[in-house]
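Dumped coords38.txt below, it's compact mmCIF, C-alpha atoms:
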# COMPACT_ATOMS: atom_id res chain seq x y z
CA MET F 734 42.54 20.90 -29.05
CA PHE F 735 44.06 17.86 -27.33
CA ASP F 736 47.51 18.54 -28.72
CA THR F 737 47.27 22.23 -27.83
CA LEU F 738 46.36 21.63 -24.19
CA GLU F 739 49.07 18.97 -23.69
CA ALA F 740 47.08 17.48 -20.82
CA ASP F 741 46.30 13.93 -19.72
CA ILE F 742 42.93 14.79 -18.14
CA ILE F 743 40.71 17.47 -19.66
CA VAL F 744 37.59 18.74 -17.89
CA MET F 745 35.21 20.95 -19.87
CA GLN F 746 32.02 22.71 -18.85
CA GLU F 747 29.00 24.23 -20.58
CA THR F 748 29.16 21.84 -23.52
CA LYS F 749 25.55 22.76 -24.41
CA ILE F 750 24.82 19.48 -26.18
CA GLN F 751 22.39 16.61 -25.77
CA ARG F 752 23.00 12.93 -26.37
CA LYS F 753 21.57 13.15 -29.90
CA ASP F 754 24.25 15.76 -30.72
CA LEU F 755 27.19 13.47 -29.92
CA ARG F 756 29.39 12.62 -32.88
CA ASP F 757 32.22 10.19 -33.52
CA ASP F 758 34.81 12.97 -33.25
CA MET F 759 33.54 13.78 -29.74
CA VAL F 760 33.40 10.21 -28.42
CA LEU F 761 35.81 8.09 -30.45
CA VAL F 762 38.86 10.30 -30.01
CA PRO F 763 41.96 8.16 -30.69
CA GLY F 764 43.84 7.54 -27.45
CA TRP F 765 41.17 8.99 -25.15
CA ASP F 766 38.21 7.82 -23.08
CA VAL F 767 35.37 10.22 -22.30
CA TYR F 768 32.59 10.69 -19.73
CA PHE F 769 29.65 13.06 -20.25
CA SER F 770 27.04 14.61 -18.02
CA LEU F 771 24.30 15.98 -20.27
CA PRO F 772 21.13 17.92 -19.42
CA LYS F 773 18.10 15.66 -19.16
CA TYR F 774 15.47 18.15 -20.27
CA LYS F 775 16.83 21.53 -21.36
CA LYS F 776 18.31 21.88 -24.84
CA GLY F 777 21.55 23.76 -25.52
CA TYR F 778 22.24 24.09 -21.82
CA SER F 779 24.97 23.28 -19.34
CA GLY F 780 26.91 19.99 -19.71
CA VAL F 781 30.21 18.64 -18.34
CA VAL F 782 32.69 16.27 -19.99
CA ILE F 783 35.94 14.68 -18.82
CA TYR F 784 38.46 13.20 -21.27
CA THR F 785 41.20 10.90 -19.98
CA ARG F 786 44.31 9.98 -21.97
CA SER F 787 44.34 6.19 -22.13
CA SER F 788 48.13 5.91 -22.23
CA LYS F 789 48.43 7.71 -18.87
CA CYS F 790 45.35 7.14 -16.75
CA CYS F 791 42.25 5.00 -16.43
CA PRO F 792 39.62 5.56 -13.71
CA ILE F 793 38.37 2.70 -11.59
CA ARG F 794 34.89 4.16 -10.99
CA ALA F 795 32.82 6.86 -12.66
CA GLU F 796 29.53 8.60 -11.90
CA GLU F 797 27.29 11.29 -13.29
CA GLY F 798 25.87 13.83 -10.86
CA ILE F 799 26.93 15.24 -7.49
CA THR F 800 24.39 13.45 -5.25
CA GLY F 801 24.51 9.81 -6.38
CA ALA F 802 20.76 9.96 -7.17
CA LEU F 803 21.16 9.10 -10.87
CA CYS F 804 21.54 5.59 -12.25
CA PRO F 805 24.33 4.13 -14.38
CA PRO F 806 23.44 3.48 -18.03
CA ASN F 807 21.12 0.49 -18.50
CA SER F 808 20.48 0.23 -14.77
CA SER F 809 17.62 1.17 -12.44
CA ILE F 810 19.88 1.20 -9.37
CA LYS F 811 21.15 4.58 -8.23
CA PHE F 812 24.90 5.10 -7.94
CA ARG F 813 24.59 5.47 -4.18
CA ASP F 814 22.72 2.14 -3.92
CA LEU F 815 25.19 0.06 -5.91
CA PRO F 816 27.24 -2.62 -4.12
CA ALA F 817 29.86 -1.01 -1.89
CA GLU F 818 32.77 -2.02 -4.15
CA GLN F 819 31.14 -0.14 -7.05
CA GLN F 820 30.42 3.08 -5.14
CA ILE F 821 32.65 6.14 -5.07
CA GLY F 822 31.03 7.06 -1.75
CA GLY F 823 30.53 10.28 0.17
CA TYR F 824 26.89 10.63 -0.83
CA PRO F 825 24.70 13.10 1.07
CA LYS F 826 23.16 11.45 4.11
CA PRO F 827 19.53 11.85 5.14
CA GLY F 828 19.08 15.31 6.60
CA GLN F 829 22.27 16.78 5.16
CA LEU F 830 20.52 18.38 2.19
CA SER F 831 17.91 20.96 3.09
CA GLY F 832 15.63 23.07 0.94
CA THR F 833 12.96 22.18 -1.59
CA ILE F 834 15.17 21.13 -4.52
CA ASP F 835 15.24 17.34 -4.74
CA GLU F 836 18.41 15.42 -5.56
CA HIS F 837 17.27 14.23 -8.97
CA SER F 838 16.54 17.82 -10.02
CA LEU F 839 20.00 18.91 -8.87
CA ASP F 840 21.55 16.29 -11.13
CA SER F 841 19.22 16.75 -14.11
CA GLU F 842 21.06 19.69 -15.67
CA GLY F 843 24.34 17.97 -16.60
CA ARG F 844 26.55 19.71 -14.05
CA CYS F 845 28.89 17.06 -12.66
CA VAL F 846 31.08 14.10 -13.64
CA ILE F 847 33.01 12.22 -10.94
CA LEU F 848 35.91 9.87 -11.68
CA GLU F 849 37.77 7.86 -9.09
CA PHE F 850 41.40 6.86 -9.51
CA PRO F 851 43.38 4.97 -6.86
CA ALA F 852 45.11 8.31 -6.14
CA PHE F 853 42.07 10.56 -5.69
CA VAL F 854 38.48 11.33 -6.62
CA LEU F 855 38.19 13.89 -9.42
CA ILE F 856 35.01 15.99 -9.41
CA GLY F 857 34.41 18.07 -12.53
CA VAL F 858 31.61 20.60 -12.06
CA TYR F 859 29.76 23.41 -13.75
CA SER F 860 28.13 25.28 -10.89
CA PRO F 861 24.98 27.32 -11.63
CA ALA F 862 25.50 31.02 -12.24
CA THR F 863 23.58 33.87 -10.63
CA ARG F 864 21.34 34.89 -13.52
CA ASP F 865 18.23 36.06 -11.68
CA GLU F 866 16.39 35.46 -8.44
CA THR F 867 14.49 32.47 -9.85
CA ARG F 868 17.73 30.46 -9.82
CA THR F 869 19.00 31.48 -6.39
CA GLU F 870 17.54 28.51 -4.54
CA PHE F 871 18.78 25.99 -7.11
CA ARG F 872 22.26 27.53 -7.15
CA GLN F 873 22.56 27.39 -3.37
CA ALA F 874 21.22 23.84 -3.24
CA PHE F 875 23.81 22.68 -5.77
CA ILE F 876 26.62 24.44 -3.88
CA ASP F 877 25.47 22.83 -0.62
CA ALA F 878 25.39 19.39 -2.26
CA MET F 879 28.89 19.95 -3.65
CA ASP F 880 30.20 20.98 -0.23
CA ILE F 881 28.58 17.99 1.46
CA ARG F 882 29.87 15.49 -1.11
CA VAL F 883 33.45 16.77 -0.90
CA ARG F 884 33.44 16.83 2.91
CA ASN F 885 31.85 13.38 3.12
CA LEU F 886 34.52 11.98 0.80
CA ALA F 887 37.18 13.52 3.01
CA THR F 888 35.56 12.00 6.09
CA ILE F 889 35.81 8.47 4.64
CA GLY F 890 39.49 9.05 3.86
CA LYS F 891 39.42 9.81 0.15
CA GLN F 892 41.52 12.54 -1.43
CA VAL F 893 39.65 14.95 -3.68
CA VAL F 894 40.40 17.18 -6.66
CA LEU F 895 37.50 19.55 -7.32
CA CYS F 896 37.78 21.49 -10.54
CA GLY F 897 35.73 23.41 -13.04
CA ASP F 898 33.64 26.53 -13.42
CA LEU F 899 32.37 27.25 -9.92
CA ASN F 900 30.90 30.59 -11.02
CA ILE F 901 32.21 32.12 -7.80
CA VAL F 902 34.67 34.98 -7.35
CA ARG F 903 36.62 34.04 -4.23
CA SER F 904 38.02 37.43 -3.13
CA GLU F 905 38.70 41.01 -4.12
CA LEU F 906 41.91 39.82 -5.76
CA ASP F 907 39.88 37.78 -8.23
CA VAL F 908 37.72 40.38 -9.96
CA ALA F 909 38.34 43.59 -11.87
CA GLY F 910 36.62 46.86 -11.02
CA LEU F 911 35.40 45.81 -7.60
CA PRO F 912 35.44 49.28 -5.95
CA GLU F 913 33.10 50.67 -8.60
CA ARG F 914 30.87 47.62 -8.33
CA LEU F 915 30.61 48.02 -4.56
CA ARG F 916 29.73 51.66 -4.99
CA LYS F 917 27.00 50.96 -7.55
CA GLU F 918 25.49 48.16 -5.49
CA ALA F 919 25.86 50.14 -2.26
CA ILE F 920 27.46 47.26 -0.38
CA THR F 921 30.63 46.88 1.65
CA LEU F 922 33.55 44.59 0.91
CA GLY F 923 32.51 42.51 3.91
CA GLU F 924 29.03 42.07 2.45
CA PHE F 925 30.55 41.11 -0.89
CA ILE F 926 32.77 38.48 0.73
CA SER F 927 29.90 37.15 2.82
CA THR F 928 27.49 36.22 0.03
CA PRO F 929 26.44 32.55 0.44
CA SER F 930 28.44 31.26 -2.54
CA ARG F 931 31.64 33.10 -1.58
CA ARG F 932 31.17 32.03 2.00
CA PHE F 933 31.04 28.39 0.87
CA LEU F 934 34.22 28.72 -1.19
CA ASN F 935 36.16 30.57 1.47
CA GLN F 936 35.16 28.03 4.10
CA ILE F 937 36.15 24.99 2.06
CA VAL F 938 39.59 26.35 1.03
CA PHE F 939 42.57 26.96 3.26
CA GLY F 940 43.31 30.65 3.65
CA GLY F 941 39.78 31.71 2.77
CA HIS F 942 38.46 35.00 4.10
CA VAL F 943 35.61 34.07 6.46
CA ILE F 944 33.82 36.84 8.32
CA GLY F 945 32.31 35.86 11.64
CA GLU F 946 31.85 32.32 12.92
CA ARG F 947 32.12 29.50 10.45
CA ASP F 948 28.94 27.68 9.42
CA GLN F 949 27.92 24.41 11.03
CA GLY F 950 29.46 21.52 9.14
CA ARG F 951 32.05 23.84 7.61
CA GLU F 952 34.20 24.33 10.68
CA LYS F 953 37.44 23.35 8.92
CA PRO F 954 38.87 24.01 5.45
CA ILE F 955 39.75 20.87 3.51
CA LEU F 956 40.92 21.95 0.04
CA TRP F 957 43.72 24.11 -1.38
CA ASP F 958 43.20 26.62 -4.18
CA LEU F 959 46.17 25.48 -6.27
CA CYS F 960 46.39 28.37 -8.70
CA ARG F 961 46.36 30.87 -5.85
CA GLU F 962 48.88 28.82 -3.87
CA PHE F 963 51.37 29.06 -6.73
CA HIS F 964 50.53 32.74 -7.35
CA PRO F 965 49.41 34.12 -3.97
CA LYS F 966 49.54 37.83 -4.77
CA ARG F 967 49.09 37.87 -8.53
CA THR F 968 46.52 40.36 -9.76
CA GLY F 969 44.67 40.13 -13.05
CA MET F 970 44.72 36.32 -12.92
CA TYR F 971 41.29 36.08 -14.47
CA THR F 972 39.65 33.12 -16.20
CA CYS F 973 36.44 34.64 -17.56
CA TRP F 974 35.58 37.81 -19.48
CA GLU F 975 32.25 39.25 -20.61
CA THR F 976 32.06 38.79 -24.37
CA ARG F 977 29.36 41.40 -24.95
CA LYS F 978 31.63 44.09 -23.53
CA ASN F 979 34.74 42.79 -25.35
CA ALA F 980 36.38 42.73 -21.92
CA ARG F 981 39.14 40.23 -22.66
CA PRO F 982 41.63 42.47 -24.53
CA GLY F 983 41.75 44.82 -21.54
CA ASN F 984 41.70 41.91 -19.08
CA PHE F 985 38.61 43.20 -17.29
CA GLY F 986 37.45 39.87 -15.95
CA SER F 987 37.10 37.56 -12.99
CA ARG F 988 38.51 34.30 -11.68
CA ILE F 989 35.69 31.79 -11.35
CA ASP F 990 37.41 28.58 -12.56
CA TYR F 991 39.45 26.55 -10.10
CA VAL F 992 41.48 23.44 -9.37
CA LEU F 993 41.16 22.61 -5.66
CA CYS F 994 42.78 19.65 -3.92
CA SER F 995 42.99 17.87 -0.57
CA SER F 996 45.88 18.61 1.80
CA ALA F 997 47.44 15.15 1.57
CA ILE F 998 48.02 15.50 -2.18
CA LYS F 999 48.84 19.20 -2.36
CA GLY F 1000 52.56 18.39 -2.47
CA TRP F 1001 52.04 16.21 -5.53
CA PHE F 1002 51.41 19.29 -7.69
CA ILE F 1003 54.44 21.04 -9.16
CA ASP F 1004 52.62 23.85 -10.99
CA SER F 1005 49.24 25.47 -11.49
CA ASN F 1006 48.34 28.44 -13.65
CA ILE F 1007 45.92 29.87 -16.17
CA GLN F 1008 46.34 29.81 -19.95
CA GLU F 1009 44.95 33.21 -20.81
CA GLY F 1010 46.48 33.13 -24.28
CA LEU F 1011 44.28 30.24 -25.44
CA LEU F 1012 41.22 31.70 -27.16
CA GLY F 1013 37.95 30.22 -28.38
CA SER F 1014 35.74 30.81 -25.35
CA ASP F 1015 34.80 33.49 -22.84
CA HIS F 1016 36.85 31.41 -20.38
CA CYS F 1017 40.49 30.36 -20.46
CA PRO F 1018 41.86 27.02 -19.24
CA VAL F 1019 43.19 26.52 -15.73
CA PHE F 1020 45.69 23.72 -15.23
CA ALA F 1021 47.50 21.86 -12.46
CA THR F 1022 50.50 19.60 -13.06
CA LEU F 1023 51.30 16.49 -11.05
CA GLY F 1024 54.87 15.39 -10.49
CA ASP F 1025 56.20 12.26 -12.21
CA THR F 1026 56.62 10.62 -8.81
CA VAL F 1027 54.67 11.29 -5.61
CA ASN F 1028 54.61 10.15 -1.99
CA PHE F 1029 51.72 7.72 -1.74
CA ALA F 1030 51.06 6.01 1.61
CA GLY F 1031 54.63 6.73 2.68
CA THR F 1032 56.23 5.36 -0.49
CA GLU F 1033 57.59 7.20 -3.52
CA VAL F 1034 55.68 5.88 -6.54
CA ALA F 1035 55.34 6.74 -10.21
CA ILE F 1036 52.16 8.74 -10.77
CA GLU F 1037 50.98 6.26 -13.44
CA ASP F 1038 50.95 3.48 -10.83
CA ILE F 1039 48.17 5.19 -8.88
CA MET F 1040 46.26 6.75 -11.79
CA ASN F 1041 45.31 3.36 -13.22
CA PRO F 1042 43.73 0.10 -12.02
CA SER F 1043 45.99 -2.05 -9.88
CA GLY F 1044 48.57 -3.95 -11.92
CA MET F 1045 48.25 -1.90 -15.09
CA PHE F 1046 51.47 0.02 -14.33
CA LYS F 1047 54.48 -0.82 -12.17
CA LYS F 1048 57.20 1.73 -11.50
CA GLY F 1049 55.74 3.85 -14.30
CA LYS F 1050 55.96 1.06 -16.89
CA ARG F 1051 52.87 -0.42 -18.47
CA GLN F 1052 52.31 -4.05 -17.52
CA ARG F 1053 49.26 -4.69 -19.66
CA GLU F 1054 47.26 -2.90 -22.35
CA LEU F 1055 43.79 -1.50 -21.95
CA CYS F 1056 41.00 -3.78 -23.08
CA PRO F 1057 37.23 -3.45 -23.43
CA LYS F 1058 36.64 -4.79 -19.89
CA ASP F 1059 38.44 -1.71 -18.55
CA LEU F 1060 35.66 0.52 -19.90
CA LEU F 1061 33.35 1.72 -17.13
CA PRO F 1062 29.55 1.69 -17.69
CA THR F 1063 29.49 5.50 -17.89
CA SER F 1064 32.11 5.68 -20.65
CA ALA F 1065 30.57 7.31 -23.73
CA LYS F 1066 32.26 4.65 -25.84
CA LEU F 1067 29.61 2.22 -24.61
CA ILE F 1068 26.74 4.31 -25.96
CA PRO F 1069 25.08 1.99 -28.51
CA GLU F 1070 25.27 4.55 -31.31
CA PHE F 1071 29.04 4.21 -31.41
CA ASP F 1072 30.97 1.30 -32.87
CA ARG F 1073 32.37 -0.73 -29.98
CA ALA F 1074 33.95 -3.20 -32.37
CA SER F 1075 36.58 -0.60 -33.27
CA TRP F 1076 37.38 0.22 -29.62
CA GLN F 1077 41.00 -0.96 -29.78
CA ASP F 1078 41.69 1.06 -32.93
CA HIS F 1079 40.49 4.22 -31.25
CA ASN F 1080 42.84 3.73 -28.28
CA ARG F 1081 46.04 3.42 -30.28
As structure tokens, please, write out the structure in this file.
Amino acid sequence: MFDTLEADIIVMQETKIQRKDLRDDMVLVPGWDVYFSLPKYKKGYSGVVIYTRSSKCCPIRAEEGITGALCPPNSSIKFRDLPAEQQIGGYPKPGQLSGTIDEHSLDSEGRCVILEFPAFVLIGVYSPATRDETRTEFRQAFIDAMDIRVRNLATIGKQVVLCGDLNIVRSELDVAGLPERLRKEAITLGEFISTPSRRFLNQIVFGGHVIGERDQGREKPILWDLCREFHPKRTGMYTCWETRKNARPGNFGSRIDYVLCSSAIKGWFIDSNIQEGLLGSDHCPVFATLGDTVNFAGTEVAIEDIMNPSGMFKKGKRQRELCPKDLLPTSAKLIPEFDRASWQDHNR
């Protein structure tokens, strides 16, 4: 899989595994580090994982969950209560989250991993789907928490890349058979666009279709939909197909997987697209490619220099090798079941 994708950071959703299901070939992948968010209670459900290629990038901070309410491994201190130098930041403030779903519940289903690099904060998510009315409140609460976290990070000056399965169709360009669907559901296009989840997505991205006044706290867009920016009028650019209906061969699908980024780093990306030819799931991969050099704080730098801890790279050349102290507490390689003594061998 890793060779096929030819990527340096891989974000996967709906892993549907628990900690007891982890195996050496999932965690001790030669040349890669890995960070999991696993469901706390439900079996065979949800799950997010981010793999990072050790020769190219190494995060400086890592968290599980979107709210900061969980604790790092072997700690009773929540991520948001850690010393300031250990925090990623942007956590929901008192009063920002409304509703009856508490923060710990929002983060109990294994739906988010957050990695911070000097260049940006990477948020990998698996947003809840609309299955039935019993999940509506939870879905909206998670979306609200995601919106708040991203906007709070932007407010404190951090650049963000938000990616994953958002389970949201952004516009009429992103779903097949919409006219028939509108007819069956007896709704207008405006009503379709104005559902709470679509309204969130179209308010957080530049160029989103927002009907009426924007919501409080969402007055300005802050992220770019990279795939759509590179392919603004492309139709049939779908990332998910219903398996039961064998909808993929006829490309009767929807686009619900995204890579979104902050304005200040939009110019760093030289390409973004889908890989509809890669099979093995009801989804296909979405990718975004960073340039070899980027403008960082007014200076042209090699991308490796700002995707690793300070001093590890200089002008794109490695200055020192990774060592066990570079592993963050949330790295799966530190799970006791796995052999830490062989750490160096697995990073060659």
Requested in this report: Can you pull out every residue within 9 Å of range 901-903 of chain F, counting only C-alpha atoms, but drop anything in the same chain fewer than 6 positions away, and send it as a ChimeraX atom specification?
Outcome: /F:860,862,926,930-932,934-935,941-942,987-990
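The space separating CA of Leu993 in chain F from CA of Arg752 in chain F comes to 29.2 Å.
The shell of residues at most 8 Å from Leu895 in chain F, with only C-alpha atoms counted and near chain neighbours (fewer than 4 positions) removed, consists of Leu855, Ile856, Gly857, Val858, Tyr991, Val992, Leu993 and Cys994 of chain F.
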Requested in this report: Would you please work out which residue, of F:Ile1036, F:Ala1065, F:Met734, F:Leu956, is nearest to Asp766 in chain F when using all atoms listed in the file?
Outcome: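 Closest to Asp766 in chain F of all the choices is F:Ala1065.
If you look at CA of Lys978 in chain F and CA of Gly780 in chain F, they are 24.9 Å away from each other.
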Requested in this report: Rank nothing, just name the residue among F:Val1027, F:Ile783, F:Ala909, F:Leu886 nearest to Lys826 in chain F, using all atoms listed in the file.
Outcome: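 Looking at the shortest contact to Lys826 in chain F, the residue is F:Leu886.
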Query - d(CA of Pro912 in chain F, CA of Leu899 in chain F) in Å - result: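 Computed distance, CA of Pro912 in chain F to CA of Leu899 in chain F, equals 22.6 Å.
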Query raised in the report: Which of these, F:Cys896, F:Leu839, F:Asp1059, F:Val943, has the shortest distance to Met745 in chain F once you count all atoms listed in the file?
Result: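 Closest to Met745 in chain F of all the choices is F:Cys896.
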Query - Shell around Thr833 in chain F at 12 Å using only C-alpha atoms, local window under 6 positions removed, as an NGL selection string - result: :F and (839 or 870-871 or 873-875)
Report task. Quick one: everything within 8 Å of range 998-1006 of chain F, counting only C-alpha atoms, minus sequence neighbours fewer than 6 positions away in the same chain. Send it as a PyMOL selection string. Result -> chain F and resi 892+957+959-960+963-964+1019-1024+1026-1028
Store the residues of this selection in a file with C-alpha atoms, as an mmCIF file, in the coordinates of the input.
data_model
loop_
_atom_site.group_PDB
_atom_site.id
_atom_site.type_symbol
_atom_site.label_atom_id
_atom_site.label_comp_id
_atom_site.auth_asym_id
_atom_site.auth_seq_id
_atom_site.Cartn_x
_atom_site.Cartn_y
_atom_site.Cartn_z
ATOM 1 C CA GLN F 892 41.520 12.540 -1.430
ATOM 2 C CA TRP F 957 43.720 24.110 -1.380
ATOM 3 C CA LEU F 959 46.170 25.480 -6.270
ATOM 4 C CA CYS F 960 46.390 28.370 -8.700
ATOM 5 C CA PHE F 963 51.370 29.060 -6.730
ATOM 6 C CA HIS F 964 50.530 32.740 -7.350
ATOM 7 C CA VAL F 1019 43.190 26.520 -15.730
ATOM 8 C CA PHE F 1020 45.690 23.720 -15.230
ATOM 9 C CA ALA F 1021 47.500 21.860 -12.460
ATOM 10 C CA THR F 1022 50.500 19.600 -13.060
ATOM 11 C CA LEU F 1023 51.300 16.490 -11.050
ATOM 12 C CA GLY F 1024 54.870 15.390 -10.490
ATOM 13 C CA THR F 1026 56.620 10.620 -8.810
ATOM 14 C CA VAL F 1027 54.670 11.290 -5.610
ATOM 15 C CA ASN F 1028 54.610 10.150 -1.990
#
